[in-house]
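These notes concern the structure reproduced below.
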Amino acid sequence: MQLDLIAGTRPNFVKIAAIIHAMENYSQEITYRFIHTGQHYDDSLSGNFFKDLELPAPHFNLGVGSGSQAEQTAAIMLAYEKFLLKEKPNLCLVVGDVTSSMACAITAKKMGIKIAHVEAGLRSYDWSMPEEVNRVLIDSIADYFFTTTPQASENLIKSGKAEEQVFFVGNTMIDTLLRFKPKFRKPLVWDRLKLQEKKYLVLTLHRPANVDETKKLEQTLKEILRHSKGIPVIFPVHPRTRKTIETLELPGDRLYLIDALGYLEFNYLVQHAKAVLTDSGGITEETTVLGIPCLTLRDNTERPETVSLGTNEIVGTNRQQLRSALEKLLSGDWKRGCIPELWDGKAGERIVDILMNKQLPL
Ligand code: UD1
């Protein structure tokens with residue numbers, strides 16, 4: 001079987017790593033082309049992840065770089081189509097909800113190639129997020145669906161997918177977390193700031209709704225500092241956020257802006273933090289498994305199990321909500337949570353088993 005594995009952004013590399021590592025024992029039966037779209041291109045979001053996650057170099061890099069949503073989508077589709085015209089795989093496997101996954105899925109589908117979607121069926125029902133548009137588009141045309149939760153499978157069945165197309169396999173992002181946990185490594189900032197176990201907060205923000213408007217970002221940062229009782233806040237800054245932050249007058253001296261970290265260093269920081277404040281989706285899953293309190297600075301989530309079972313709470317970004325969530329956290333009144341079903345480090349193996357057992361008619 002010949003597979004195309006698509007990845008283009010930081011969270012894609014984390015998810016695809018689990019599948020590539022699970023395929024290591026089957027190189028006779030499954031061959032793959034690992035395709036990097038180039039959506040994320042600098043070392044902080046791409047190169048470092050390859051080293052940390054022991055990923056092989058991609059076979060091809062479509063080199064699309066940055067641009068508006070439409071520019072990126074168009075550039076990825078043009079480049080991948082050209083590539084497919086030379087040789088078609090039996091299956092194109094895309095992960096998650098980023099522009100790269102959506103653009104490659106549409107291109108492959110129109111060329112008659114079957115699509116498998118890993119992390120299918122998640123829904124925030126928030127159409128202001130480009131990721132929700134991507135999720136729904138991918139799921140509307142994919143042929144096979146690998147899900148992280150029973151609820152995600154249910155969402156797909158309700159939308160008309162047949163049970164034989166949907167496979168609840170667990171969470172490849174958690175496979176990677178558990179595989180590399182023994183290798184988490186202290187970032188330089190630990191000693192430089194003399195950080196102490198459970199005595200600092202980690203903050204990440206990159207969603208357009210939170211960071212593209214200077215005023216909104218400034219307000220959020222001020223509220224966090226006002227209600228975090230003197231605790232240092234470590235903020236590894238995504239390149240997207242860097243653009244806005246450079247125009248800000250930053251409040252206080254307890255907010256430490258650092259460059260985006262590699263995977264092993266970032267998760268070391270998370271593992272030892274008092275809590276994480278984030279607008280990411282993947283981080284809410286990782287904190288659930290690591291048992292670290294997580295405050296989601298969005299009004300919704302496509303990953304409800306991180307709230308119903310895990311350590312995550314939807315806090316939003318308004319003043320009152322942020323204040324009461326931080327008070328609750330700092331008074332020690334945070335739920336411990338439990339780990340969702342099948343988030344056990346074996347999702348990649350389950351996916352490869354399904355491919356090997358020829359459960360997908362190709
Ligand atoms: C993308 C994903 C988001 C994911 C996030 C993780 C989409 C729609 N969004 O958001 O779901 O959670 O990645 O990081 O696909 N840039 C750099 N260096 C890079 C990459 C990007 O400077 O290596 C800059 C670009 O100039 C661009 C901005 O960051 O303007 C945003 O990049 P983009 O790829 O559009 O999406 P993200 O915001 O990173």
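By convention here, the chains of the structure tokens are called A, B, ... in the order presented, each chain's residues are numbered starting at 1, and ligands are numbered starting at 1 in the order presented.
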How would you report the residues lying within 7 Å of ligand 1, as a short mmCIF file (atom, residue, chain, number, x, y, z; two decimals) with N, CA and C atoms, in the first residue's frame, if you count only C-alpha atoms and all ligand atoms?
```cif
data_model
loop_
_atom_site.label_atom_id
_atom_site.label_comp_id
_atom_site.auth_asym_id
_atom_site.auth_seq_id
_atom_site.Cartn_x
_atom_site.Cartn_y
_atom_site.Cartn_z
N THR A 9 2.08 21.90 9.90
CA THR A 9 2.17 22.83 11.03
C THR A 9 2.62 22.07 12.28
N ARG A 10 2.99 22.86 13.27
CA ARG A 10 3.46 22.32 14.55
C ARG A 10 2.57 21.17 15.09
N PRO A 11 1.25 21.37 15.24
CA PRO A 11 0.47 20.25 15.81
C PRO A 11 0.40 19.04 14.88
N GLN A 39 3.65 25.07 5.47
CA GLN A 39 2.84 26.13 6.11
C GLN A 39 3.58 26.75 7.29
N HIS A 40 4.15 25.92 8.13
CA HIS A 40 5.06 26.42 9.17
C HIS A 40 6.48 26.10 8.69
N TYR A 41 7.34 27.12 8.74
CA TYR A 41 8.64 26.95 8.09
C TYR A 41 9.81 27.30 8.99
N ASP A 42 9.59 28.10 10.05
CA ASP A 42 10.81 28.44 10.80
C ASP A 42 11.11 27.38 11.86
N ASP A 43 12.35 27.39 12.35
CA ASP A 43 12.78 26.32 13.24
C ASP A 43 11.91 26.19 14.48
N SER A 44 11.41 27.33 14.98
CA SER A 44 10.65 27.26 16.24
C SER A 44 9.35 26.47 16.07
N LEU A 45 8.80 26.44 14.85
CA LEU A 45 7.54 25.72 14.65
C LEU A 45 7.70 24.46 13.82
N SER A 46 8.85 24.30 13.19
CA SER A 46 8.98 23.16 12.29
C SER A 46 10.28 22.38 12.54
N SER A 66 3.97 31.50 4.23
CA SER A 66 2.82 32.16 4.84
C SER A 66 1.98 32.89 3.80
N GLY A 67 0.84 33.41 4.27
CA GLY A 67 -0.08 34.12 3.39
C GLY A 67 -1.44 34.15 4.03
N SER A 68 -2.41 34.74 3.34
CA SER A 68 -3.79 34.74 3.86
C SER A 68 -4.32 33.31 3.77
N GLN A 69 -5.48 33.08 4.36
CA GLN A 69 -6.10 31.75 4.29
C GLN A 69 -6.23 31.29 2.84
N ASP A 97 -6.88 19.79 11.83
CA ASP A 97 -7.83 20.76 11.28
C ASP A 97 -7.17 21.99 10.66
N VAL A 98 -5.92 21.85 10.27
CA VAL A 98 -5.24 23.05 9.77
C VAL A 98 -5.44 23.19 8.25
N THR A 99 -5.08 24.34 7.75
CA THR A 99 -5.28 24.63 6.33
C THR A 99 -4.60 23.59 5.44
N SER A 100 -3.40 23.15 5.81
CA SER A 100 -2.67 22.15 5.02
C SER A 100 -3.50 20.88 4.84
N PRO A 130 -11.19 29.39 11.59
CA PRO A 130 -10.86 28.71 10.32
C PRO A 130 -10.76 27.20 10.52
N GLU A 131 -10.36 26.78 11.73
CA GLU A 131 -10.19 25.34 11.97
C GLU A 131 -11.53 24.60 11.92
N HIS A 206 -2.47 32.13 20.31
CA HIS A 206 -2.15 32.40 18.91
C HIS A 206 -3.39 32.52 18.02
N ARG A 207 -4.58 32.28 18.59
CA ARG A 207 -5.78 32.33 17.75
C ARG A 207 -6.03 33.77 17.27
N PRO A 208 -6.41 33.93 16.00
CA PRO A 208 -6.69 35.27 15.47
C PRO A 208 -7.59 36.07 16.41
N HIS A 238 4.18 32.47 19.87
CA HIS A 238 3.99 31.99 18.49
C HIS A 238 4.32 33.15 17.54
N PRO A 239 4.92 32.87 16.37
CA PRO A 239 5.27 33.97 15.45
C PRO A 239 4.08 34.87 15.10
N ARG A 240 2.90 34.26 15.00
CA ARG A 240 1.71 35.06 14.69
C ARG A 240 1.46 36.12 15.78
N SER A 280 -5.06 27.08 22.69
CA SER A 280 -4.80 25.93 21.81
C SER A 280 -5.80 24.81 22.12
#
```
Spatial neighbours of range 192-199 of chain A, 10 Å, only C-alpha atoms, chain gap at least 4 places, as a compact mmCIF listing (two decimals) with N, CA and C atoms, in the first residue's frame:
```txt
# COMPACT_ATOMS: atom_id res chain seq x y z
N PRO A 187 14.03 23.69 29.72
CA PRO A 187 14.45 24.76 28.81
C PRO A 187 15.42 25.71 29.51
N LEU A 188 16.19 26.47 28.75
CA LEU A 188 17.17 27.40 29.35
C LEU A 188 16.50 28.37 30.31
N GLY A 230 1.18 37.63 41.89
CA GLY A 230 2.64 37.68 41.94
C GLY A 230 3.36 36.49 41.35
N ILE A 231 2.62 35.55 40.77
CA ILE A 231 3.28 34.35 40.20
C ILE A 231 3.83 34.68 38.81
N PRO A 232 5.06 34.26 38.48
CA PRO A 232 5.58 34.51 37.13
C PRO A 232 4.73 33.82 36.05
N VAL A 233 4.58 34.51 34.94
CA VAL A 233 3.83 33.95 33.80
C VAL A 233 4.81 33.81 32.64
N ILE A 234 5.02 32.57 32.19
CA ILE A 234 5.97 32.32 31.11
C ILE A 234 5.18 32.17 29.82
N TYR A 256 6.99 36.94 31.25
CA TYR A 256 8.24 36.65 30.56
C TYR A 256 7.94 36.13 29.16
N LEU A 269 8.12 22.34 30.66
CA LEU A 269 7.59 23.53 31.33
C LEU A 269 6.14 23.29 31.79
N VAL A 270 5.36 22.65 30.93
CA VAL A 270 3.95 22.37 31.26
C VAL A 270 3.87 21.38 32.41
N GLN A 271 4.66 20.33 32.34
CA GLN A 271 4.60 19.25 33.33
C GLN A 271 4.88 19.75 34.75
N HIS A 272 5.68 20.83 34.87
CA HIS A 272 6.06 21.31 36.19
C HIS A 272 5.34 22.60 36.59
N ALA A 273 4.40 23.03 35.74
CA ALA A 273 3.72 24.32 35.99
C ALA A 273 2.59 24.17 37.01
N LYS A 274 2.20 25.31 37.59
CA LYS A 274 1.02 25.31 38.46
C LYS A 274 -0.22 25.13 37.59
N ALA A 275 -0.22 25.78 36.42
CA ALA A 275 -1.34 25.67 35.50
C ALA A 275 -0.94 26.24 34.15
N ILE A 292 -2.35 18.51 34.72
CA ILE A 292 -2.06 19.92 35.03
C ILE A 292 -3.32 20.76 34.78
```
Going by DSSP on the backbone, which bits of range 68-301 of chain A are alpha helix (DSSP H)? Write them as a PyMOL selection string, please. chain A and resi 69-86+99-110+130-141+150-158+172-180+188-192+208-211+214-226+239-245+263-271+282-290
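The closest residue to Leu264 in chain A, picked from A:Phe49, A:Phe145, A:Tyr32, A:Tyr26 and counting only C-alpha atoms, is A:Phe49.
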Residues near range 82-90 of chain A, cut-off 12 Å, only C-alpha atoms, skip fewer than 6 positions along chain, as a ChimeraX atom specification: /A:1-5,30-35,37,59-62,75-76,104-105,107-116,355,360-362
Taking the chain letters and numbering used in this document, name the residues of range 23-142 of chain A that DSSP puts in strand (DSSP E or B), as a PyMOL selection string. chain A and resi 31-36+60-61+91-95+114-118
Using only C-alpha atoms, which residues sit within 10 Å of Glu132 in chain A once same-chain residues fewer than 4 positions away are excluded, as a PyMOL selection string? chain A and resi 97-98+122-128+136-138+302
Expected file: the selected residues, N, CA and C atoms, as a PDB file, in the first residue's frame:
```pdb
ATOM      1  N   ASP A  97      -6.881  19.790  11.835  1.00  0.00           N
ATOM      2  CA  ASP A  97      -7.833  20.761  11.277  1.00  0.00           C
ATOM      3  C   ASP A  97      -7.169  21.989  10.658  1.00  0.00           C
ATOM      4  N   VAL A  98      -5.916  21.851  10.272  1.00  0.00           N
ATOM      5  CA  VAL A  98      -5.240  23.053   9.770  1.00  0.00           C
ATOM      6  C   VAL A  98      -5.441  23.188   8.255  1.00  0.00           C
ATOM      7  N   LEU A 122     -14.408  16.120  15.374  1.00  0.00           N
ATOM      8  CA  LEU A 122     -14.422  17.150  16.426  1.00  0.00           C
ATOM      9  C   LEU A 122     -15.218  18.350  15.922  1.00  0.00           C
ATOM     10  N   ARG A 123     -15.997  18.954  16.798  1.00  0.00           N
ATOM     11  CA  ARG A 123     -16.805  20.114  16.408  1.00  0.00           C
ATOM     12  C   ARG A 123     -16.857  21.134  17.536  1.00  0.00           C
ATOM     13  N   SER A 124     -16.543  22.403  17.200  1.00  0.00           N
ATOM     14  CA  SER A 124     -16.745  23.478  18.184  1.00  0.00           C
ATOM     15  C   SER A 124     -18.042  24.224  17.874  1.00  0.00           C
ATOM     16  N   TYR A 125     -18.550  24.049  16.649  1.00  0.00           N
ATOM     17  CA  TYR A 125     -19.724  24.785  16.143  1.00  0.00           C
ATOM     18  C   TYR A 125     -19.472  26.285  16.139  1.00  0.00           C
ATOM     19  N   ASP A 126     -18.218  26.678  16.135  1.00  0.00           N
ATOM     20  CA  ASP A 126     -17.857  28.093  16.106  1.00  0.00           C
ATOM     21  C   ASP A 126     -17.288  28.394  14.712  1.00  0.00           C
ATOM     22  N   TRP A 127     -18.145  28.980  13.876  1.00  0.00           N
ATOM     23  CA  TRP A 127     -17.763  29.186  12.476  1.00  0.00           C
ATOM     24  C   TRP A 127     -16.810  30.362  12.297  1.00  0.00           C
ATOM     25  N   SER A 128     -16.496  31.060  13.389  1.00  0.00           N
ATOM     26  CA  SER A 128     -15.511  32.140  13.233  1.00  0.00           C
ATOM     27  C   SER A 128     -14.088  31.580  13.224  1.00  0.00           C
ATOM     28  N   VAL A 136     -14.997  20.588   9.140  1.00  0.00           N
ATOM     29  CA  VAL A 136     -16.245  20.179   8.486  1.00  0.00           C
ATOM     30  C   VAL A 136     -15.989  19.856   7.011  1.00  0.00           C
ATOM     31  N   LEU A 137     -15.146  20.646   6.362  1.00  0.00           N
ATOM     32  CA  LEU A 137     -14.831  20.377   4.952  1.00  0.00           C
ATOM     33  C   LEU A 137     -14.150  19.025   4.807  1.00  0.00           C
ATOM     34  N   ILE A 138     -13.151  18.770   5.642  1.00  0.00           N
ATOM     35  CA  ILE A 138     -12.422  17.488   5.519  1.00  0.00           C
ATOM     36  C   ILE A 138     -13.382  16.321   5.763  1.00  0.00           C
ATOM     37  N   GLU A 302     -13.744  22.242  20.840  1.00  0.00           N
ATOM     38  CA  GLU A 302     -14.130  21.075  20.034  1.00  0.00           C
ATOM     39  C   GLU A 302     -13.717  19.795  20.752  1.00  0.00           C
TER      40      GLU A 302
END
```
Give me the residues within 6 Å of range 168-173 of chain A as a ChimeraX atom specification, counting only C-alpha atoms and dropping any in the same chain fewer than 4 places off. /A:14-15,18,146-148,342-343,347-348,350
Residues from the last selection, N, CA and C atoms, saved as a CSV table (one decimal), in the first residue's frame:
```csv
chain,number,residue,atom,x,y,z
A,14,VAL,N,3.3,16.6,15.6
A,14,VAL,CA,3.1,15.8,16.8
A,14,VAL,C,2.2,14.6,16.5
A,15,LYS,N,1.1,14.8,15.7
A,15,LYS,CA,0.2,13.8,15.5
A,15,LYS,C,0.7,12.7,14.5
A,18,ALA,N,3.3,9.9,15.6
A,18,ALA,CA,2.8,8.6,16.2
A,18,ALA,C,2.6,7.6,15.1
A,146,PHE,N,-10.7,8.3,11.7
A,146,PHE,CA,-10.1,7.8,12.9
A,146,PHE,C,-10.4,8.9,14.0
A,147,THR,N,-11.1,8.4,15.1
A,147,THR,CA,-11.5,9.4,16.1
A,147,THR,C,-10.8,9.3,17.4
A,148,THR,N,-10.8,10.4,18.2
A,148,THR,CA,-10.2,10.4,19.5
A,148,THR,C,-11.1,10.1,20.6
A,342,LEU,N,-9.0,5.2,25.9
A,342,LEU,CA,-8.0,4.9,24.8
A,342,LEU,C,-7.0,6.0,24.5
A,343,TRP,N,-6.8,6.9,25.5
A,343,TRP,CA,-5.7,7.9,25.4
A,343,TRP,C,-4.5,7.2,26.1
A,347,ALA,N,-2.8,4.7,19.9
A,347,ALA,CA,-3.7,5.1,18.8
A,347,ALA,C,-3.0,4.8,17.4
A,348,GLY,N,-1.7,5.2,17.3
A,348,GLY,CA,-1.0,5.0,16.0
A,348,GLY,C,-1.0,3.6,15.6
A,350,ARG,N,-3.1,1.3,16.5
A,350,ARG,CA,-4.5,0.9,16.1
A,350,ARG,C,-4.7,1.3,14.6
```
Contact residues around range 325-328 of chain A with only C-alpha atoms at 9 Å, ignoring same-chain residues under 6 positions, as a list of chain:residue names: A:Ile224, A:His227, A:Ser228, A:Leu295, A:Glu313, A:Val315, A:Trp334
Between A:Val237, A:Leu329, A:Leu322, A:Leu177, which is the closest to Glu285 in chain A once you count only C-alpha atoms? A:Leu177
So what do you get for CA of Arg242 in chain A versus CA of Asn210 in chain A, distance-wise? 12.5 Å
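The space between CA of Ile19 in chain A and CA of Arg303 in chain A spans 20.9 Å.
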